[in-house]
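S.K.: One file is attached below, structure.cif, containing mmCIF, C-alpha atoms.
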```
data_model
#
loop_
_atom_site.group_PDB
_atom_site.id
_atom_site.type_symbol
_atom_site.label_atom_id
_atom_site.label_comp_id
_atom_site.auth_asym_id
_atom_site.auth_seq_id
_atom_site.Cartn_x
_atom_site.Cartn_y
_atom_site.Cartn_z
ATOM 1 C CA MET A 8 -5.306 22.859 -8.494
ATOM 2 C CA LYS A 9 -5.128 19.954 -6.017
ATOM 3 C CA ILE A 10 -1.592 18.674 -5.466
ATOM 4 C CA ALA A 11 -0.368 15.304 -4.190
ATOM 5 C CA PHE A 12 3.246 14.691 -3.215
ATOM 6 C CA VAL A 13 4.461 11.155 -3.929
ATOM 7 C CA PHE A 14 7.724 9.666 -2.654
ATOM 8 C CA PRO A 15 9.715 6.955 -4.484
ATOM 9 C CA GLY A 16 10.845 3.623 -3.071
ATOM 10 C CA GLN A 17 13.850 1.366 -3.542
ATOM 11 C CA GLY A 18 15.174 1.268 -7.073
ATOM 12 C CA SER A 19 15.219 5.067 -7.361
ATOM 13 C CA GLN A 20 18.459 5.418 -5.407
ATOM 14 C CA HIS A 21 21.664 6.397 -7.207
ATOM 15 C CA VAL A 22 25.086 7.689 -6.226
ATOM 16 C CA GLY A 23 24.873 11.489 -6.191
ATOM 17 C CA MET A 24 21.208 11.716 -5.199
ATOM 18 C CA GLY A 25 20.442 14.773 -3.090
ATOM 19 C CA LYS A 26 23.820 16.442 -3.645
ATOM 20 C CA ASP A 27 22.551 19.390 -5.676
ATOM 21 C CA LEU A 28 19.983 20.362 -3.028
ATOM 22 C CA PHE A 29 22.628 19.828 -0.343
ATOM 23 C CA ASP A 30 24.968 22.217 -2.152
ATOM 24 C CA ASN A 31 22.266 24.872 -2.611
ATOM 25 C CA PHE A 32 20.260 24.886 0.634
ATOM 26 C CA GLU A 33 21.540 25.186 4.192
ATOM 27 C CA GLU A 34 18.452 23.452 5.627
ATOM 28 C CA VAL A 35 19.267 20.355 3.539
ATOM 29 C CA LYS A 36 22.756 20.221 5.073
ATOM 30 C CA GLU A 37 21.056 20.206 8.502
ATOM 31 C CA ILE A 38 18.783 17.303 7.462
ATOM 32 C CA TYR A 39 21.807 15.249 6.388
ATOM 33 C CA ARG A 40 23.577 16.085 9.660
ATOM 34 C CA THR A 41 20.546 14.839 11.602
ATOM 35 C CA ALA A 42 20.486 11.593 9.589
ATOM 36 C CA SER A 43 24.225 11.044 10.074
ATOM 37 C CA ASP A 44 23.980 11.662 13.824
ATOM 38 C CA ALA A 45 21.075 9.217 14.111
ATOM 39 C CA LEU A 46 22.790 6.435 12.135
ATOM 40 C CA GLY A 47 26.411 6.879 13.172
ATOM 41 C CA TYR A 48 27.862 7.258 9.676
ATOM 42 C CA ASP A 49 28.089 10.058 7.089
ATOM 43 C CA VAL A 50 24.857 9.762 5.077
ATOM 44 C CA SER A 51 25.896 12.553 2.697
ATOM 45 C CA GLU A 52 29.229 10.860 1.906
ATOM 46 C CA LEU A 53 27.564 7.514 1.094
ATOM 47 C CA SER A 54 24.694 9.123 -0.860
ATOM 48 C CA PHE A 55 26.878 11.477 -2.905
ATOM 49 C CA ASN A 56 30.010 9.374 -3.448
ATOM 50 C CA GLY A 57 29.043 5.744 -2.851
ATOM 51 C CA PRO A 58 30.395 3.184 -3.384
ATOM 52 C CA GLU A 59 27.316 2.035 -5.267
ATOM 53 C CA ASN A 60 27.412 -1.535 -3.922
ATOM 54 C CA GLU A 61 27.291 -0.170 -0.354
ATOM 55 C CA LEU A 62 24.487 2.284 -1.139
ATOM 56 C CA ASN A 63 22.488 -0.558 -2.719
ATOM 57 C CA LYS A 64 22.501 -2.644 0.461
ATOM 58 C CA THR A 65 18.889 -2.595 1.633
ATOM 59 C CA PHE A 66 19.642 -1.307 5.142
ATOM 60 C CA ARG A 67 21.698 1.548 3.637
ATOM 61 C CA THR A 68 19.392 2.334 0.714
ATOM 62 C CA GLN A 69 16.319 2.848 2.849
ATOM 63 C CA PRO A 70 17.517 5.633 5.187
ATOM 64 C CA CYS A 71 19.574 7.315 2.428
ATOM 65 C CA LEU A 72 16.606 7.421 0.039
ATOM 66 C CA LEU A 73 14.345 8.624 2.843
ATOM 67 C CA THR A 74 16.785 11.459 3.565
ATOM 68 C CA ALA A 75 16.924 12.554 -0.087
ATOM 69 C CA GLY A 76 13.128 12.580 -0.397
ATOM 70 C CA TYR A 77 12.553 14.314 2.924
ATOM 71 C CA ALA A 78 15.105 17.015 2.048
ATOM 72 C CA ALA A 79 13.317 17.731 -1.243
ATOM 73 C CA PHE A 80 9.992 17.843 0.631
ATOM 74 C CA LYS A 81 11.311 20.395 3.140
ATOM 75 C CA ILE A 82 12.539 22.676 0.357
ATOM 76 C CA LEU A 83 9.193 22.471 -1.461
ATOM 77 C CA SER A 84 7.406 23.261 1.798
ATOM 78 C CA ALA A 85 9.714 26.214 2.421
ATOM 79 C CA LYS A 86 8.714 27.527 -1.009
ATOM 80 C CA GLY A 87 5.067 27.530 0.101
ATOM 81 C CA ILE A 88 3.839 24.426 -1.750
ATOM 82 C CA THR A 89 1.357 22.534 0.440
ATOM 83 C CA PRO A 90 -0.118 19.260 -0.843
ATOM 84 C CA PHE A 91 -3.710 18.129 -0.424
ATOM 85 C CA CYS A 92 -2.412 14.641 0.362
ATOM 86 C CA ILE A 93 0.771 12.570 0.286
ATOM 87 C CA ALA A 94 1.699 8.974 -0.535
ATOM 88 C CA GLY A 95 4.809 6.891 -1.015
ATOM 89 C CA HIS A 96 5.671 3.705 -2.875
ATOM 90 C CA SER A 97 6.817 1.012 -0.407
ATOM 91 C CA LEU A 98 9.799 2.583 1.420
ATOM 92 C CA GLY A 99 8.478 5.936 0.127
ATOM 93 C CA GLU A 100 5.528 5.558 2.496
ATOM 94 C CA TYR A 101 7.989 6.162 5.332
ATOM 95 C CA THR A 102 9.025 9.428 3.706
ATOM 96 C CA ALA A 103 5.328 10.344 3.451
ATOM 97 C CA VAL A 104 4.742 9.487 7.108
ATOM 98 C CA THR A 105 7.714 11.656 8.092
ATOM 99 C CA ALA A 106 6.584 14.509 5.838
ATOM 100 C CA GLY A 107 3.136 14.254 7.416
ATOM 101 C CA GLY A 108 4.600 14.722 10.894
ATOM 102 C CA VAL A 109 3.598 11.265 12.144
ATOM 103 C CA ILE A 110 7.136 10.168 13.084
ATOM 104 C CA SER A 111 10.150 12.429 13.619
ATOM 105 C CA PHE A 112 12.796 12.375 10.900
ATOM 106 C CA ALA A 113 15.519 11.212 13.326
ATOM 107 C CA ASP A 114 13.313 8.277 14.396
ATOM 108 C CA THR A 115 12.355 7.337 10.838
ATOM 109 C CA VAL A 116 15.929 7.091 9.545
ATOM 110 C CA LYS A 117 16.653 4.626 12.343
ATOM 111 C CA ILE A 118 13.429 2.704 11.683
ATOM 112 C CA THR A 119 14.159 2.365 7.965
ATOM 113 C CA GLU A 120 17.671 1.095 8.658
ATOM 114 C CA LYS A 121 16.185 -1.565 10.968
ATOM 115 C CA ARG A 122 13.449 -2.312 8.427
ATOM 116 C CA GLY A 123 16.108 -3.057 5.821
ATOM 117 C CA GLN A 124 17.944 -5.340 8.237
ATOM 118 C CA TYR A 125 14.751 -7.171 9.229
ATOM 119 C CA MET A 126 13.800 -7.693 5.575
ATOM 120 C CA GLN A 127 17.222 -9.066 4.658
ATOM 121 C CA GLU A 128 17.255 -11.400 7.655
ATOM 122 C CA ALA A 129 13.719 -12.701 6.989
ATOM 123 C CA VAL A 130 14.723 -14.465 3.762
ATOM 124 C CA PRO A 131 18.337 -15.610 3.195
ATOM 125 C CA GLU A 132 19.935 -14.061 0.108
ATOM 126 C CA GLY A 133 19.297 -16.144 -2.997
ATOM 127 C CA LYS A 134 16.204 -17.844 -1.568
ATOM 128 C CA GLY A 135 13.659 -15.240 -2.675
ATOM 129 C CA LEU A 136 12.899 -13.445 -5.937
ATOM 130 C CA MET A 137 10.713 -10.710 -7.389
ATOM 131 C CA ALA A 138 9.688 -10.344 -11.032
ATOM 132 C CA ALA A 139 7.795 -7.764 -13.074
ATOM 133 C CA ILE A 140 4.962 -9.168 -15.191
ATOM 134 C CA ILE A 141 4.067 -6.918 -18.129
ATOM 135 C CA GLY A 142 0.879 -7.226 -20.140
ATOM 136 C CA LEU A 143 -1.313 -9.427 -17.928
ATOM 137 C CA GLU A 144 -4.310 -8.257 -15.911
ATOM 138 C CA ARG A 145 -4.484 -8.776 -12.156
ATOM 139 C CA GLU A 146 -6.876 -11.716 -12.257
ATOM 140 C CA ALA A 147 -4.647 -13.606 -14.674
ATOM 141 C CA ILE A 148 -1.576 -13.050 -12.480
ATOM 142 C CA VAL A 149 -3.410 -14.234 -9.374
ATOM 143 C CA LYS A 150 -4.367 -17.419 -11.275
ATOM 144 C CA VAL A 151 -0.773 -17.901 -12.451
ATOM 145 C CA CYS A 152 0.559 -17.644 -8.887
ATOM 146 C CA ALA A 153 -2.141 -20.005 -7.587
ATOM 147 C CA SER A 154 -1.173 -22.630 -10.174
ATOM 148 C CA VAL A 155 2.531 -22.668 -9.211
ATOM 149 C CA ARG A 156 3.528 -26.086 -7.857
ATOM 150 C CA SER A 157 7.167 -25.572 -6.816
ATOM 151 C CA GLY A 158 6.574 -23.283 -3.835
ATOM 152 C CA TYR A 159 5.124 -19.912 -2.844
ATOM 153 C CA ALA A 160 4.603 -16.995 -5.243
ATOM 154 C CA ALA A 161 2.107 -14.138 -5.023
ATOM 155 C CA ALA A 162 1.276 -10.705 -6.435
ATOM 156 C CA ALA A 163 3.287 -8.102 -4.526
ATOM 157 C CA ASN A 164 2.985 -4.695 -6.271
ATOM 158 C CA TYR A 165 0.017 -3.566 -8.361
ATOM 159 C CA ASN A 166 1.950 -0.719 -9.983
ATOM 160 C CA CYS A 167 -0.129 0.360 -12.966
ATOM 161 C CA PRO A 168 -2.407 -1.193 -15.617
ATOM 162 C CA GLY A 169 -0.534 -4.099 -17.186
ATOM 163 C CA GLN A 170 2.388 -4.010 -14.731
ATOM 164 C CA THR A 171 2.357 -6.171 -11.620
ATOM 165 C CA VAL A 172 5.326 -7.366 -9.581
ATOM 166 C CA ILE A 173 5.234 -10.843 -8.061
ATOM 167 C CA ALA A 174 7.332 -12.133 -5.157
ATOM 168 C CA GLY A 175 8.081 -15.369 -3.380
ATOM 169 C CA GLU A 176 10.474 -18.290 -3.213
ATOM 170 C CA LYS A 177 13.022 -18.256 -6.034
ATOM 171 C CA ASN A 178 11.972 -21.523 -7.718
ATOM 172 C CA ALA A 179 8.299 -20.646 -7.463
ATOM 173 C CA VAL A 180 8.752 -17.178 -8.988
ATOM 174 C CA GLU A 181 10.826 -18.671 -11.825
ATOM 175 C CA GLU A 182 7.998 -21.133 -12.480
ATOM 176 C CA ALA A 183 5.463 -18.276 -12.362
ATOM 177 C CA ILE A 184 7.517 -16.367 -14.949
ATOM 178 C CA LYS A 185 7.187 -19.301 -17.383
ATOM 179 C CA LEU A 186 3.472 -19.695 -16.637
ATOM 180 C CA ALA A 187 2.881 -15.962 -17.113
ATOM 181 C CA LYS A 188 4.544 -16.025 -20.525
ATOM 182 C CA ASN A 189 2.415 -19.017 -21.479
ATOM 183 C CA ALA A 190 -0.663 -17.081 -20.326
ATOM 184 C CA GLY A 191 0.156 -14.200 -22.682
ATOM 185 C CA ALA A 192 2.400 -11.851 -20.727
ATOM 186 C CA LYS A 193 4.392 -9.575 -23.034
ATOM 187 C CA ARG A 194 7.368 -9.752 -20.690
ATOM 188 C CA ALA A 195 8.229 -11.351 -17.360
ATOM 189 C CA ILE A 196 11.489 -10.070 -15.932
ATOM 190 C CA PRO A 197 13.313 -11.079 -12.716
ATOM 191 C CA LEU A 198 14.223 -7.979 -10.680
ATOM 192 C CA ALA A 199 17.655 -7.260 -9.236
ATOM 193 C CA VAL A 200 16.501 -7.111 -5.624
ATOM 194 C CA SER A 201 17.738 -9.241 -2.752
ATOM 195 C CA VAL A 202 14.480 -9.327 -0.761
ATOM 196 C CA PRO A 203 10.991 -10.567 -1.821
ATOM 197 C CA SER A 204 8.925 -7.701 -0.374
ATOM 198 C CA HIS A 205 5.165 -7.315 0.111
ATOM 199 C CA CYS A 206 4.396 -11.012 0.482
ATOM 200 C CA THR A 207 3.954 -13.441 3.391
ATOM 201 C CA LEU A 208 7.687 -14.271 3.406
ATOM 202 C CA MET A 209 8.078 -10.903 5.148
ATOM 203 C CA LYS A 210 5.788 -11.901 8.053
ATOM 204 C CA GLY A 211 8.701 -12.277 10.488
ATOM 205 C CA ALA A 212 10.145 -8.912 9.443
ATOM 206 C CA SER A 213 6.779 -7.186 9.877
ATOM 207 C CA GLU A 214 6.375 -8.634 13.378
ATOM 208 C CA ARG A 215 9.781 -7.248 14.387
ATOM 209 C CA LEU A 216 8.874 -3.924 12.773
ATOM 210 C CA SER A 217 5.649 -3.836 14.807
ATOM 211 C CA VAL A 218 7.624 -4.086 18.061
ATOM 212 C CA LEU A 219 9.906 -1.255 16.906
ATOM 213 C CA LEU A 220 6.964 0.991 15.967
ATOM 214 C CA ASN A 221 5.223 0.249 19.277
ATOM 215 C CA ASN A 222 8.188 1.884 20.997
ATOM 216 C CA THR A 223 8.217 4.935 18.699
ATOM 217 C CA PRO A 224 6.241 8.157 19.407
ATOM 218 C CA LEU A 225 3.587 8.681 16.697
ATOM 219 C CA HIS A 226 1.407 11.731 16.070
ATOM 220 C CA PRO A 227 -1.716 12.422 13.963
ATOM 221 C CA ALA A 228 -0.859 13.179 10.341
ATOM 222 C CA GLN A 229 -0.831 16.890 9.513
ATOM 223 C CA ILE A 230 -1.430 15.987 5.855
ATOM 224 C CA PRO A 231 -3.698 13.047 4.860
ATOM 225 C CA ILE A 232 -1.671 9.985 3.834
ATOM 226 C CA VAL A 233 -2.908 7.511 1.217
ATOM 227 C CA ASN A 234 -1.538 4.170 2.350
ATOM 228 C CA ASN A 235 -0.132 1.264 0.343
ATOM 229 C CA ALA A 236 -2.012 -1.542 2.084
ATOM 230 C CA ASP A 237 -5.569 -0.238 1.507
ATOM 231 C CA ALA A 238 -5.314 2.786 -0.822
ATOM 232 C CA ALA A 239 -7.194 4.745 1.860
ATOM 233 C CA PHE A 240 -6.785 8.191 3.418
ATOM 234 C CA LEU A 241 -5.299 7.919 6.921
ATOM 235 C CA LYS A 242 -4.569 10.474 9.654
ATOM 236 C CA ASP A 243 -4.898 8.433 12.834
ATOM 237 C CA PRO A 244 -1.425 7.433 14.138
ATOM 238 C CA GLN A 245 -2.520 3.987 15.317
ATOM 239 C CA GLU A 246 -4.043 3.184 11.919
ATOM 240 C CA ILE A 247 -0.879 4.419 10.200
ATOM 241 C CA LYS A 248 1.317 2.261 12.441
ATOM 242 C CA THR A 249 -0.787 -0.836 11.710
ATOM 243 C CA SER A 250 -0.706 0.010 8.007
ATOM 244 C CA LEU A 251 3.109 0.281 7.936
ATOM 245 C CA VAL A 252 3.358 -3.189 9.481
ATOM 246 C CA ARG A 253 0.825 -4.744 7.069
ATOM 247 C CA GLN A 254 2.453 -3.019 4.094
ATOM 248 C CA LEU A 255 5.491 -5.278 4.339
ATOM 249 C CA ASN A 256 3.683 -8.607 3.985
ATOM 250 C CA GLN A 257 0.681 -7.632 1.832
ATOM 251 C CA PRO A 258 0.372 -6.503 -1.805
ATOM 252 C CA LEU A 259 1.203 -2.864 -2.474
ATOM 253 C CA LEU A 260 -1.791 -1.083 -4.073
ATOM 254 C CA TRP A 261 -0.083 1.737 -5.965
ATOM 255 C CA GLU A 262 -2.470 1.855 -8.949
ATOM 256 C CA ASP A 263 -5.429 1.944 -6.562
ATOM 257 C CA SER A 264 -3.784 4.675 -4.470
ATOM 258 C CA VAL A 265 -3.311 6.958 -7.473
ATOM 259 C CA LYS A 266 -6.917 6.362 -8.569
ATOM 260 C CA VAL A 267 -8.168 7.200 -5.061
ATOM 261 C CA MET A 268 -6.210 10.463 -5.099
ATOM 262 C CA VAL A 269 -7.493 11.392 -8.557
ATOM 263 C CA GLY A 270 -11.015 10.459 -7.442
ATOM 264 C CA SER A 271 -10.680 12.930 -4.563
ATOM 265 C CA GLY A 272 -9.859 15.744 -6.987
ATOM 266 C CA VAL A 273 -6.054 15.556 -7.250
ATOM 267 C CA ASP A 274 -5.025 16.820 -10.684
ATOM 268 C CA THR A 275 -1.322 17.495 -10.076
ATOM 269 C CA PHE A 276 1.312 15.060 -8.802
ATOM 270 C CA ILE A 277 4.810 16.030 -7.704
ATOM 271 C CA GLU A 278 7.293 13.169 -7.363
ATOM 272 C CA VAL A 279 9.512 14.280 -4.498
ATOM 273 C CA GLY A 280 12.910 12.574 -4.536
ATOM 274 C CA PRO A 281 15.322 10.869 -6.933
ATOM 275 C CA LYS A 282 14.410 9.813 -10.486
ATOM 276 C CA ARG A 283 10.954 9.659 -12.087
ATOM 277 C CA VAL A 284 9.846 6.062 -11.584
ATOM 278 C CA LEU A 285 6.501 7.022 -10.037
ATOM 279 C CA SER A 286 5.906 9.693 -12.682
ATOM 280 C CA GLY A 287 6.022 6.990 -15.343
ATOM 281 C CA LEU A 288 3.579 4.780 -13.436
ATOM 282 C CA ILE A 289 1.158 7.649 -12.780
ATOM 283 C CA LYS A 290 1.174 8.601 -16.458
ATOM 284 C CA ARG A 291 0.030 5.065 -17.314
ATOM 285 C CA ILE A 292 -2.646 5.100 -14.595
ATOM 286 C CA ASP A 293 -4.175 8.448 -15.597
ATOM 287 C CA GLY A 294 -3.055 10.381 -18.654
ATOM 288 C CA ASN A 295 -5.011 13.510 -17.712
ATOM 289 C CA VAL A 296 -3.127 14.608 -14.601
ATOM 290 C CA ARG A 297 -0.123 16.920 -14.531
ATOM 291 C CA ILE A 298 3.099 15.356 -13.237
ATOM 292 C CA PHE A 299 6.260 17.093 -12.026
ATOM 293 C CA ASN A 300 9.313 16.015 -10.072
ATOM 294 C CA VAL A 301 11.666 17.687 -7.623
ATOM 295 C CA GLU A 302 15.101 16.158 -7.033
ATOM 296 C CA ASP A 303 17.514 19.067 -7.578
ATOM 297 C CA ALA A 304 17.554 22.858 -7.893
ATOM 298 C CA LYS A 305 16.739 22.767 -11.627
ATOM 299 C CA SER A 306 13.684 20.507 -11.321
ATOM 300 C CA LEU A 307 12.583 22.509 -8.256
ATOM 301 C CA GLN A 308 12.624 25.747 -10.231
ATOM 302 C CA GLU A 309 10.855 24.175 -13.213
ATOM 303 C CA THR A 310 8.111 22.799 -10.945
ATOM 304 C CA LEU A 311 7.668 26.072 -9.065
ATOM 305 C CA SER A 312 7.466 28.002 -12.335
ATOM 306 C CA ALA A 313 4.750 25.654 -13.632
ATOM 307 C CA ILE A 314 2.504 25.612 -10.564
ATOM 308 C CA THR A 315 2.867 29.065 -8.994
#
```
Re-express the file's structure as structure tokens.

M.R.:
Amino acid sequence: MKIAFVFPGQGSQHVGMGKDLFDNFEEVKEIYRTASDALGYDVSELSFNGPENELNKTFRTQPCLLTAGYAAFKILSAKGITPFCIAGHSLGEYTAVTAGGVISFADTVKITEKRGQYMQEAVPEGKGLMAAIIGLEREAIVKVCASVRSGYAAAANYNCPGQTVIAGEKNAVEEAIKLAKNAGAKRAIPLAVSVPSHCTLMKGASERLSVLLNNTPLHPAQIPIVNNADAAFLKDPQEIKTSLVRQLNQPLLWEDSVKVMVGSGVDTFIEVGPKRVLSGLIKRIDGNVRIFNVEDAKSLQETLSAIT
């Protein structure tokens, strides 16, 4: 059995995430204390009790989701489960980098808060948009975006076969939605996000992020990390830093990343953190692998029982 841990990104957050592990494990309480000390507010209070509209602010979501995923990772590790490799979807890549020992947890919660701020400031609210295109292949979506005349739109997330997210200027993405439907898309749905990630509109945010990472101590990965920008195995800290910067303004290659992991012998995926968004994507990428999730004491026990 070859195991990969995968960490979810924005959209998986919810009020109450992480509370069950917090209530059951002393080491999780310590992780939340570290996050709260680093950020200057009570991360457990916001994560467990909301309010939801505050938790859903990008600069709050990112460190809170990171904390929930990292806490679940530490409990899995304490139970003796060691992955062959790790990966994360968008923000989840920061959880992977922290789990791999590249950046300290206290540093990463601060970096993800800043990342959220930089992203929000890069494109004024209401000016950008993301949309999920269902039922069109990559080449067709690239052609659709290239034929948009009202502004900039581009493929942003290659999530799984038949599901690609596009991002860009609001008018351009709305035009691309119409063009995609005309080209045969089964569905084209605007997403409830305030920031158009993984496209060139995030160039300014990625440049600011680069400066921040240049001033952060980085270490070689203790576990190989499959990155979003290239779907490649990385351990070198400089390569990982460059990859985290590029990730923000380039398409996210999630389908490719899962295929690379499977191609290297991974047959078991554990989604580490809230919800099962990545589990659903992985199932559509490869129906032969085993998929588990760990987000609370019950799912932890079920996963441990299945794989040990």

S.K.: How many Å separate atom CA of A:Val50 from atom CA of A:Asn222?

M.R.: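 That distance, rounded to one decimal, is 24.4 Å.
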
S.K.: So that I can check the surroundings of A:Gly23, please list as a count of residues only every protein, DNA and RNA residue that reaches within 8 Å of it, counting only C-alpha atoms and ignoring chain neighbours fewer than 3 positions away.

M.R.: 5

S.K.: Adding 3 Å on each side of the box along x, y and z that holds all listed atoms of stretch 156-172 of chain A, could you give its centre and edge lengths in Å to one decimal, as JSON?

M.R.:
```
{"center_x": 2.4, "center_y": -12.9, "center_z": -10.0, "size_x": 15.6, "size_y": 32.4, "size_z": 20.3}
```

S.K.: Which residues come within 10 Å of A:Ala239, counting only C-alpha atoms, excluding same-chain residues fewer than 6 positions away, as a list in words?

M.R.: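 Near neighbours after the sequence-gap exclusion: Pro231, Ile232, Val233, Leu260, Asp263, Ser264, Val267 and Met268 of chain A.
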
S.K.: When the PyMOL selection byres ((chain A and resi 179-192) around 6) is applied to the structure above, which residues does it catch, written out as a PyMOL selection string?

M.R.: chain A and resi 141-143+157-160+175-178+193-195

S.K.: For the residues in that selection, give me C-alpha atoms as a tab-separated table (two decimals), in the coordinates of the input.

M.R.:
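Now in selection-v7.tsv:
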```tsv
chain	number	residue	atom	x	y	z
A	141	ILE	CA	4.07	-6.92	-18.13
A	142	GLY	CA	0.88	-7.23	-20.14
A	143	LEU	CA	-1.31	-9.43	-17.93
A	157	SER	CA	7.17	-25.57	-6.82
A	158	GLY	CA	6.57	-23.28	-3.84
A	159	TYR	CA	5.12	-19.91	-2.84
A	160	ALA	CA	4.60	-17.00	-5.24
A	175	GLY	CA	8.08	-15.37	-3.38
A	176	GLU	CA	10.47	-18.29	-3.21
A	177	LYS	CA	13.02	-18.26	-6.03
A	178	ASN	CA	11.97	-21.52	-7.72
A	193	LYS	CA	4.39	-9.57	-23.03
A	194	ARG	CA	7.37	-9.75	-20.69
A	195	ALA	CA	8.23	-11.35	-17.36
```

S.K.: Point out the residue among A:Leu28, A:Val265, A:Val130, A:Val151 with the least atom-to-atom distance to A:Thr207, counting all atoms listed in the file.

M.R.: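 Checking each candidate against A:Thr207, we get A:Val130 as the closest.
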
S.K.: Which residues of stretch 56-170 of chain A come within 9 Å of stretch 255-258 of chain A, and for each one, what is the closest pair of atoms and their distance in Å to one decimal, counting only C-alpha atoms, sorted by chain and residue number, as a tab-separated table?

M.R.:
```
residue	atom	partner	partner_atom	distance
A:Ser97	CA	A:Leu255	CA	8.0
A:Met126	CA	A:Leu255	CA	8.7
A:Ala161	CA	A:Pro258	CA	8.5
A:Ala162	CA	A:Pro258	CA	6.3
A:Ala163	CA	A:Pro258	CA	4.3
A:Asn164	CA	A:Pro258	CA	5.5
A:Tyr165	CA	A:Pro258	CA	7.2
```

S.K.: Just give me the gap between atom CA of A:Thr315 and atom CA of A:Lys9 in Å, one decimal is fine.

M.R.: 12.5 Å

S.K.: Apply the PyMOL selection byres ((chain A and resi 274) around 12) to the file shown and report the selected residues as an mmCIF file with C-alpha atoms, keeping the file's coordinate frame.

M.R.:
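Output below, filename expr.cif:
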```cif
data_model
loop_
_atom_site.group_PDB
_atom_site.id
_atom_site.type_symbol
_atom_site.label_atom_id
_atom_site.label_comp_id
_atom_site.auth_asym_id
_atom_site.auth_seq_id
_atom_site.Cartn_x
_atom_site.Cartn_y
_atom_site.Cartn_z
ATOM 1 C CA MET A 8 -5.306 22.859 -8.494
ATOM 2 C CA LYS A 9 -5.128 19.954 -6.017
ATOM 3 C CA ILE A 10 -1.592 18.674 -5.466
ATOM 4 C CA ALA A 11 -0.368 15.304 -4.190
ATOM 5 C CA PHE A 12 3.246 14.691 -3.215
ATOM 6 C CA PRO A 90 -0.118 19.260 -0.843
ATOM 7 C CA PHE A 91 -3.710 18.129 -0.424
ATOM 8 C CA CYS A 92 -2.412 14.641 0.362
ATOM 9 C CA VAL A 265 -3.311 6.958 -7.473
ATOM 10 C CA LYS A 266 -6.917 6.362 -8.569
ATOM 11 C CA VAL A 267 -8.168 7.200 -5.061
ATOM 12 C CA MET A 268 -6.210 10.463 -5.099
ATOM 13 C CA VAL A 269 -7.493 11.392 -8.557
ATOM 14 C CA GLY A 270 -11.015 10.459 -7.442
ATOM 15 C CA SER A 271 -10.680 12.930 -4.563
ATOM 16 C CA GLY A 272 -9.859 15.744 -6.987
ATOM 17 C CA VAL A 273 -6.054 15.556 -7.250
ATOM 18 C CA THR A 275 -1.322 17.495 -10.076
ATOM 19 C CA PHE A 276 1.312 15.060 -8.802
ATOM 20 C CA ILE A 277 4.810 16.030 -7.704
ATOM 21 C CA ILE A 289 1.158 7.649 -12.780
ATOM 22 C CA LYS A 290 1.174 8.601 -16.458
ATOM 23 C CA ASP A 293 -4.175 8.448 -15.597
ATOM 24 C CA GLY A 294 -3.055 10.381 -18.654
ATOM 25 C CA ASN A 295 -5.011 13.510 -17.712
ATOM 26 C CA VAL A 296 -3.127 14.608 -14.601
ATOM 27 C CA ARG A 297 -0.123 16.920 -14.531
ATOM 28 C CA ILE A 298 3.099 15.356 -13.237
ATOM 29 C CA PHE A 299 6.260 17.093 -12.026
ATOM 30 C CA ILE A 314 2.504 25.612 -10.564
#
```

S.K.: Name the residues that the PyMOL selection byres ((chain A and resi 214) around 12) picks from the file above, as an NGL selection string, using the file's chain letters and numbers.

M.R.: :A and (122 or 125-126 or 129 or 207-213 or 215-221 or 249 or 251-256)

S.K.: Which distance in Å separates atom CA of A:Arg283 and atom CA of A:Thr115, to one decimal?

M.R.: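 Answer for the atom CA of A:Arg283 to atom CA of A:Thr115 separation: 23.1 Å.
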
S.K.: Write out as an MDAnalysis selection string which residues come within 12 Å of A:Pro281 when counting all atoms listed in the file, dropping same-chain ones fewer than 3 positions away.

M.R.: chainID A and resid 13:28 54 71:80 99 277:278 284:286 300:303 306

S.K.: Some atoms are absent from stretch 69-77 of chain A, so rebuild N, CA and C atoms and return them as a compact mmCIF listing (two decimals), in the frame of the given file.

M.R.:
```
# COMPACT_ATOMS: atom_id res chain seq x y z
N GLN A 69 17.58 2.33 2.32
CA GLN A 69 16.32 2.85 2.85
C GLN A 69 16.48 4.19 3.57
N PRO A 70 17.38 4.32 4.55
CA PRO A 70 17.52 5.63 5.19
C PRO A 70 18.11 6.70 4.27
N CYS A 71 18.99 6.33 3.34
CA CYS A 71 19.57 7.32 2.43
C CYS A 71 18.52 7.87 1.46
N LEU A 72 17.67 6.99 0.95
CA LEU A 72 16.61 7.42 0.04
C LEU A 72 15.57 8.25 0.79
N LEU A 73 15.24 7.84 1.99
CA LEU A 73 14.34 8.62 2.84
C LEU A 73 14.89 10.03 3.03
N THR A 74 16.17 10.15 3.32
CA THR A 74 16.78 11.46 3.56
C THR A 74 16.71 12.35 2.33
N ALA A 75 16.99 11.78 1.16
CA ALA A 75 16.92 12.55 -0.09
C ALA A 75 15.51 13.05 -0.35
N GLY A 76 14.52 12.19 -0.16
CA GLY A 76 13.13 12.58 -0.40
C GLY A 76 12.63 13.59 0.61
N TYR A 77 13.00 13.39 1.88
CA TYR A 77 12.55 14.31 2.92
C TYR A 77 13.18 15.70 2.73
```
